Amino acid sequence: MKNIDMNQTPLKNKIEEALQSLDAVQRATPRPFLMTRIHARMNKESLSVWERVGELFIQPRWILTGLCLVLAMNAAVVLFNNRSNDAVVSTIEQTNSEEDYSTAVATLYDFENNEP
Amino acid sequence: MLNQPEFIVQLKQGEEVAFTKLVNDYEGMVYNTVLGILQVPADADDITQEVFIQVYRSISSFKGESQFSTWLYRIAINKALDYEKTTKRKKRFAFIQSLFGKSDSSMTTVPDFNHPGVILEKKQSSAALFAALKKIPEKQRIAFTLHKLEGQSYRAVADIMETTVIAVESLMARAKESLRKELKYFYQHEKY
């Protein structure tokens, strides 16, 4: 029992010391030029909606995102156009080959073409 | 300090001189209170700015039913507590993100706080006290901060917290008890 008390006393002292550590504490003060920072903040907050939107989009990450988006859109358009052209060419080729091997000659049935 | 009613009238009229005077006279009071609650100097500086901006914008709502400083203390405490809740929410979100492999270490590390107004010999014990303060219930913490850090009387604390002197006495007794428990745990498990 005596040993426990011996161990508890320094602990209690430390706790009481910590509790009293704020006695005679000095008031903390903010960094200098607080008024200037408040004014800057007020001016920033009073910007119009368009100014805020503008300010947002001049950030490098937004510029980079915009650039990537434009590049991706361009790449998509180029790829899409290439595929469309291939489709048109293959359709024309198919039509031509069909006409080449066609046995029906439309000119035989033309009324105007009476000549043998 | 300016005569209070005249000073308030000037503030309500949006006079720049009155606002500058307000900031100069009360910056220490607001900053010290907010710092005691948040325990992060950069955050306390930010919230101090917000407090003065809110005072400037909402001075018309001050009816003079209480002392101006009481009203200012309430704004500072509310702002600090709101900020603290937002930060805790972000920390929880960061923790969830860390579970999925996306961790933001800046959000999860809390440095030991040393109040600049504490004398050198008491720095270590006050750091333990501030760490313990973060763990006790909000009302006890506010009462303790206002009384011990700001040197406000129980009467003034009661006015700020919109309660009775007896309730403040009870809050202070419970705050000390909670702090003793936290400090005991701290010294036994961390650094003792």
# chains A, B, ... in the order shown; residues from 1 in each chain; ligands from 1
call {"tool": "residues_around", "arguments": {"residues": "B:Lys134", "least_positions_apart": "4", "cutoff": "10 Å", "atoms": "only C-alpha atoms", "output": "list in words"}}
result
Gly36, Ile37, Leu38, Gln39, Leu129, Phe130, Glu138, Arg141, Leu179 and Glu182 of chain B
call {"tool": "write_last_selection", "arguments": {"atoms": "C-alpha atoms", "output": "CSV table (one decimal), in the first residue's frame"}}
result
chain,number,residue,atom,x,y,z
B,36,GLY,CA,-7.4,27.9,-26.9
B,37,ILE,CA,-10.2,26.0,-28.6
B,38,LEU,CA,-8.5,25.1,-31.9
B,39,GLN,CA,-4.9,24.8,-30.7
B,129,LEU,CA,-3.1,20.0,-20.4
B,130,PHE,CA,-4.0,21.2,-23.9
B,138,GLU,CA,-17.4,20.8,-25.2
B,141,ARG,CA,-13.8,22.9,-22.3
B,179,LEU,CA,-8.9,16.7,-17.0
B,182,GLU,CA,-7.2,12.4,-19.0
call {"tool": "interface_residues", "arguments": {"of": "chain A", "to": "chain B", "cutoff": "12 Å", "atoms": "only C-alpha atoms", "output": "ChimeraX atom specification"}}
result
/A:7-46
call {"tool": "atom_distance", "arguments": {"atom1": "atom CA of B:Ser61", "atom2": "atom CA of B:Val9"}}
result
12.1 Å
call {"tool": "atom_distance", "arguments": {"atom1": "atom CA of B:Ala76", "atom2": "atom CA of B:Asp159"}}
result
14.4 Å
call {"tool": "atom_distance", "arguments": {"atom1": "atom CA of B:Tyr56", "atom2": "atom CA of B:Ile75"}}
result
11.8 Å
call {"tool": "closest_residue", "arguments": {"among": "B:Lys63, B:Arg174, B:His147, B:Lys79", "to": "B:Asp43", "atoms": "only C-alpha atoms"}}
result
B:Lys79
call {"tool": "residues_around", "arguments": {"residues": "B:Gln13", "least_positions_apart": "4", "cutoff": "12 Å", "atoms": "only C-alpha atoms", "output": "PyMOL selection string"}}
result
chain B and resi 6-9+17-19+56-60
call {"tool": "write_last_selection", "arguments": {"atoms": "C-alpha atoms", "output": "JSON list (two decimals), in the first residue's frame"}}
result
[["chain", "number", "residue", "atom", "x", "y", "z"],
["B", 6, "GLU", "CA", -20.86, 55.64, -29.48],
["B", 7, "PHE", "CA", -18.44, 53.00, -30.71],
["B", 8, "ILE", "CA", -21.31, 50.67, -31.63],
["B", 9, "VAL", "CA", -23.14, 53.49, -33.44],
["B", 17, "VAL", "CA", -12.03, 54.09, -38.07],
["B", 18, "ALA", "CA", -14.39, 52.30, -35.70],
["B", 19, "PHE", "CA", -13.74, 48.97, -37.38],
["B", 56, "TYR", "CA", -18.63, 44.01, -39.35],
["B", 57, "ARG", "CA", -21.49, 42.50, -41.34],
["B", 58, "SER", "CA", -23.85, 41.65, -38.50],
["B", 59, "ILE", "CA", -23.28, 44.54, -36.10],
["B", 60, "SER", "CA", -26.82, 45.73, -36.86]]
call {"tool": "residues_around", "arguments": {"residues": "B:Arg155", "least_positions_apart": "6", "cutoff": "9 Å", "atoms": "only C-alpha atoms", "output": "number ranges by chain"}}
result
B: 164-165, 168
call {"tool": "write_last_selection", "arguments": {"atoms": "N, CA and C atoms", "output": "PDB file, in the first residue's frame"}}
result
ATOM      1  N   THR B 164     -26.113  29.984 -15.744  1.00  0.00           N
ATOM      2  CA  THR B 164     -26.001  30.587 -14.413  1.00  0.00           C
ATOM      3  C   THR B 164     -24.591  30.387 -13.851  1.00  0.00           C
ATOM      4  N   VAL B 165     -24.275  31.164 -12.826  1.00  0.00           N
ATOM      5  CA  VAL B 165     -22.965  31.054 -12.178  1.00  0.00           C
ATOM      6  C   VAL B 165     -22.803  29.662 -11.551  1.00  0.00           C
ATOM      7  N   VAL B 168     -21.860  27.228 -14.101  1.00  0.00           N
ATOM      8  CA  VAL B 168     -20.447  27.382 -14.488  1.00  0.00           C
ATOM      9  C   VAL B 168     -19.542  26.743 -13.435  1.00  0.00           C
TER      10      VAL B 168
END
